[in-house]
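Below is input_34.csv, which holds CSV, C-alpha atoms.
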```
chain,number,residue,atom,x,y,z
A,1,MET,CA,4.1,-7.2,-15.3
A,2,PRO,CA,2.3,-4.5,-13.3
A,3,ASP,CA,3.8,-1.0,-13.1
A,4,GLN,CA,4.1,1.4,-10.2
A,5,LYS,CA,1.1,3.4,-11.6
A,6,GLU,CA,-1.2,0.9,-9.9
A,7,SER,CA,-2.3,1.8,-6.5
A,8,GLY,CA,-0.1,0.8,-3.6
A,9,GLU,CA,-3.0,-1.4,-2.3
A,10,LYS,CA,-3.3,-3.2,-5.6
A,11,LEU,CA,0.4,-3.8,-5.7
A,12,ALA,CA,0.2,-5.1,-2.1
A,13,GLY,CA,-2.5,-7.5,-3.3
A,14,ARG,CA,-0.2,-8.6,-6.1
A,15,LEU,CA,2.7,-9.1,-3.6
A,16,TYR,CA,0.5,-11.1,-1.3
A,17,ALA,CA,-0.6,-13.4,-4.2
A,18,THR,CA,3.0,-13.9,-5.2
A,19,LEU,CA,4.1,-14.8,-1.7
A,20,ARG,CA,1.2,-17.2,-1.3
A,21,VAL,CA,2.1,-18.9,-4.5
A,22,LEU,CA,5.8,-19.2,-3.3
A,23,LYS,CA,4.6,-20.7,0.0
A,24,PHE,CA,2.2,-23.1,-1.8
A,25,ILE,CA,5.0,-24.3,-4.1
A,26,ALA,CA,7.4,-24.8,-1.2
A,27,ASP,CA,4.9,-26.6,1.1
A,28,PRO,CA,1.7,-27.7,-0.8
A,29,VAL,CA,0.7,-30.0,2.1
A,30,ARG,CA,0.3,-27.2,4.7
A,31,SER,CA,-0.4,-24.3,2.3
A,32,PRO,CA,-3.7,-24.3,0.5
A,33,LYS,CA,-3.6,-23.5,-3.2
A,34,PRO,CA,-4.4,-19.8,-3.8
A,35,THR,CA,-7.3,-19.3,-6.0
A,36,VAL,CA,-9.0,-16.3,-7.6
A,37,ARG,CA,-12.1,-17.1,-5.6
A,38,ASP,CA,-10.3,-16.1,-2.4
A,39,GLU,CA,-11.9,-12.9,-1.1
A,40,PHE,CA,-10.4,-11.0,1.8
A,41,LYS,CA,-12.8,-9.1,4.0
A,42,ASP,CA,-10.9,-8.3,7.1
A,43,LYS,CA,-9.5,-4.8,7.5
A,44,ASP,CA,-6.1,-5.7,8.7
A,45,SER,CA,-2.9,-4.5,6.9
A,46,PRO,CA,-1.2,-6.2,4.0
A,47,ARG,CA,1.9,-6.6,6.2
A,48,GLN,CA,-0.2,-8.5,8.8
A,49,ARG,CA,-1.5,-10.8,6.0
A,50,ILE,CA,2.1,-11.4,4.7
A,51,GLN,CA,3.5,-12.1,8.2
A,52,ALA,CA,0.7,-14.6,8.8
A,53,LEU,CA,2.1,-16.7,5.9
A,54,GLU,CA,5.1,-17.4,8.2
A,55,LEU,CA,7.4,-17.2,5.3
A,56,ASP,CA,11.1,-18.1,5.5
A,57,LEU,CA,12.0,-17.5,1.9
A,58,PHE,CA,15.5,-19.0,2.3
A,59,GLU,CA,14.2,-22.2,3.9
A,60,ASP,CA,11.2,-22.4,1.5
A,61,LEU,CA,13.5,-22.1,-1.5
A,62,VAL,CA,16.1,-24.6,-0.2
A,63,THR,CA,13.4,-27.1,0.8
A,64,ALA,CA,11.7,-26.8,-2.6
A,65,VAL,CA,14.9,-27.3,-4.5
A,66,GLN,CA,16.2,-30.2,-2.3
A,67,LYS,CA,12.9,-32.0,-2.4
A,68,GLY,CA,12.4,-31.4,-6.1
A,69,ARG,CA,9.4,-29.3,-5.7
A,70,HIS,CA,9.2,-27.2,-8.8
A,71,ALA,CA,12.5,-25.3,-8.4
A,72,LYS,CA,12.1,-23.7,-11.8
A,73,ALA,CA,8.6,-22.5,-10.9
A,74,MET,CA,10.0,-21.1,-7.6
A,75,ALA,CA,12.7,-19.2,-9.6
A,76,GLU,CA,10.0,-17.8,-12.0
A,77,VAL,CA,7.8,-16.6,-9.1
A,78,PHE,CA,10.8,-15.1,-7.3
A,79,GLY,CA,11.6,-13.2,-10.5
A,80,THR,CA,8.3,-11.3,-10.3
A,81,LEU,CA,8.8,-10.0,-6.8
A,82,HIS,CA,10.6,-6.8,-7.8
A,83,ALA,CA,7.6,-5.6,-9.8
A,84,VAL,CA,5.0,-6.1,-7.2
A,85,VAL,CA,6.5,-4.4,-4.1
A,86,PRO,CA,4.7,-1.1,-3.5
A,87,LEU,CA,6.9,1.9,-3.3
A,88,ARG,CA,4.7,3.7,-0.8
A,89,HIS,CA,5.4,2.3,2.7
A,90,GLY,CA,1.9,3.0,3.9
A,91,ALA,CA,0.4,0.6,1.3
A,92,LEU,CA,1.8,-2.3,3.3
A,93,GLN,CA,1.5,-0.8,6.8
A,94,ASP,CA,-1.9,0.8,6.9
A,95,ASN,CA,-5.1,-1.0,7.7
A,96,LEU,CA,-7.4,-1.4,4.7
A,97,GLY,CA,-10.7,0.3,4.5
A,98,LYS,CA,-13.4,-0.8,2.0
A,99,PRO,CA,-12.0,1.0,-1.1
A,100,GLU,CA,-8.4,-0.1,-0.3
A,101,LEU,CA,-9.6,-3.7,0.4
A,102,ALA,CA,-11.3,-3.8,-3.0
A,103,GLU,CA,-8.0,-2.7,-4.6
A,104,PHE,CA,-6.0,-5.3,-2.6
A,105,ASN,CA,-8.4,-8.0,-3.8
A,106,ALA,CA,-8.2,-6.8,-7.4
A,107,GLY,CA,-4.4,-6.9,-7.3
A,108,TYR,CA,-4.5,-10.4,-5.6
A,109,ARG,CA,-6.7,-11.8,-8.4
A,110,ALA,CA,-4.8,-10.1,-11.2
A,111,GLN,CA,-1.5,-11.4,-10.0
A,112,LEU,CA,-2.9,-14.9,-9.6
A,113,GLY,CA,-4.0,-14.7,-13.2
A,114,VAL,CA,-0.5,-13.8,-14.3
A,115,LEU,CA,1.1,-16.6,-12.3
A,116,LYS,CA,-1.6,-19.1,-13.4
A,117,GLU,CA,-0.7,-18.3,-17.0
A,118,ALA,CA,3.0,-18.8,-16.2
A,119,LEU,CA,2.5,-22.0,-14.1
A,120,PRO,CA,-0.7,-23.6,-15.4
A,121,LYS,CA,0.2,-27.1,-14.2
A,122,LEU,CA,0.6,-25.9,-10.6
A,123,LEU,CA,-2.2,-23.4,-10.3
A,124,ASP,CA,-5.0,-24.9,-12.3
```

Mind turning the file's structure into structure tokens?
Amino acid sequence: MPDQKESGEKLAGRLYATLRVLKFIADPVRSPKPTVRDEFKDKDSPRQRIQALELDLFEDLVTAVQKGRHAKAMAEVFGTLHAVVPLRHGALQDNLGKPELAEFNAGYRAQLGVLKEALPKLLD
């Protein structure tokens, strides 16, 4: 698990990876599988990226459980959310410059590695 000593941008990348995995588990047909090869180059904010996922966590969870889509995996991924939310508000709101974008990408890849270890059948 990451700790809050990581930069807010790195934690924002971890949060984004976690939410992308949740979306993929809930709706694998319309959500591409997140991979460590994903590289983000745009300078928008993490909040904009997260909003673009069009998450409805309640609906996604209920749908996954009702349709038998890896409910235990959803629960495991939900359990990681508390550790990846940046404490600094600006880490989610501010547009990313080059150094911040590199941190975001590093956090994204690191969290996907953690989740891939926990859910190898889904994320391999």

Report summary line: With distances taken over all atoms listed in the file, the candidate from A:Glu54, A:Glu9, A:Glu103, A:Asp44 nearest Phe24 (chain A) is A:Glu54

I'd like the contact shell of Arg37 (chain A) - 12 Å cut-off, all atoms listed in the file, skipping same-chain residues fewer than 2 positions apart - returned as a short mmCIF file (atom, residue, chain, number, x, y, z; two decimals) with C-alpha atoms, keeping the file's coordinate frame.
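The resulting file, result-v1.cif, is shown below:
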```cif
data_model
loop_
_atom_site.label_atom_id
_atom_site.label_comp_id
_atom_site.auth_asym_id
_atom_site.auth_seq_id
_atom_site.Cartn_x
_atom_site.Cartn_y
_atom_site.Cartn_z
CA LYS A 33 -3.60 -23.50 -3.20
CA PRO A 34 -4.40 -19.80 -3.80
CA THR A 35 -7.30 -19.30 -6.00
CA GLU A 39 -11.90 -12.90 -1.10
CA PHE A 40 -10.40 -11.00 1.80
CA ASN A 105 -8.40 -8.00 -3.80
CA ALA A 106 -8.20 -6.80 -7.40
CA TYR A 108 -4.50 -10.40 -5.60
CA ARG A 109 -6.70 -11.80 -8.40
CA ALA A 110 -4.80 -10.10 -11.20
CA LEU A 112 -2.90 -14.90 -9.60
CA GLY A 113 -4.00 -14.70 -13.20
#
```

Query - Å distance separating CA of Leu96 (chain A) from CA of Asp56 (chain A), one decimal place - result: 24.9 Å

Using all atoms listed in the file, what table do you get, as a Markdown table, when you list each residue of region 1-70 of chain A with an atom no more than 6 Å from region 81-91 of chain A, its nearest pair of atoms, and their distance in Å rounded to one decimal, rows by chain then rising number?
```
| residue | atom | partner | partner_atom | distance |
| --- | --- | --- | --- | --- |
| A:Gly8 | CA | A:Ala91 | CA | 4.9 |
| A:Glu9 | CA | A:Ala91 | CA | 5.3 |
| A:Leu11 | CA | A:Val84 | CA | 5.4 |
| A:Arg14 | CA | A:Val84 | CA | 5.9 |
| A:Leu15 | CA | A:Val84 | CA | 5.2 |
```

Produce the centre coordinates and the three edge lengths, each in Å to one decimal, of the box along x, y and z that contains all listed atoms of region 104-122 of chain A with 5 Å added on each side, as JSON.
```
{"center_x": -2.7, "center_y": -16.2, "center_z": -9.8, "size_x": 21.4, "size_y": 31.8, "size_z": 24.4}
```

Query - From A:Ile50, A:Val36, A:Ala73, A:Ala17, residue lying nearest Leu122 (chain A) [all atoms listed in the file] - result: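 Looking only at the distances to Leu122 (chain A), the closest residue turns out to be A:Ala73.
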
Report task. Can you work out the spacing between CA of Ser31 (chain A) and CA of Asp60 (chain A) in Å, to one decimal? Result ->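 Rounded to one decimal, the two atoms are 11.8 Å apart.
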
Report task. Select, from A:Ser7, A:Asp27, A:His70, A:Arg49, the residue with the minimum atom-to-atom distance to Lys121 (chain A), counting all atoms listed in the file. Result ->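 Ranking A:Ser7, A:Asp27, A:His70, A:Arg49 by distance to Lys121 (chain A), first place goes to A:His70.
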
Report task. Point out the residue among A:Leu92, A:Leu115, A:Met74, A:Ala64 with the least atom-to-atom distance to Gln48 (chain A), counting all atoms listed in the file. Result -> A:Leu92
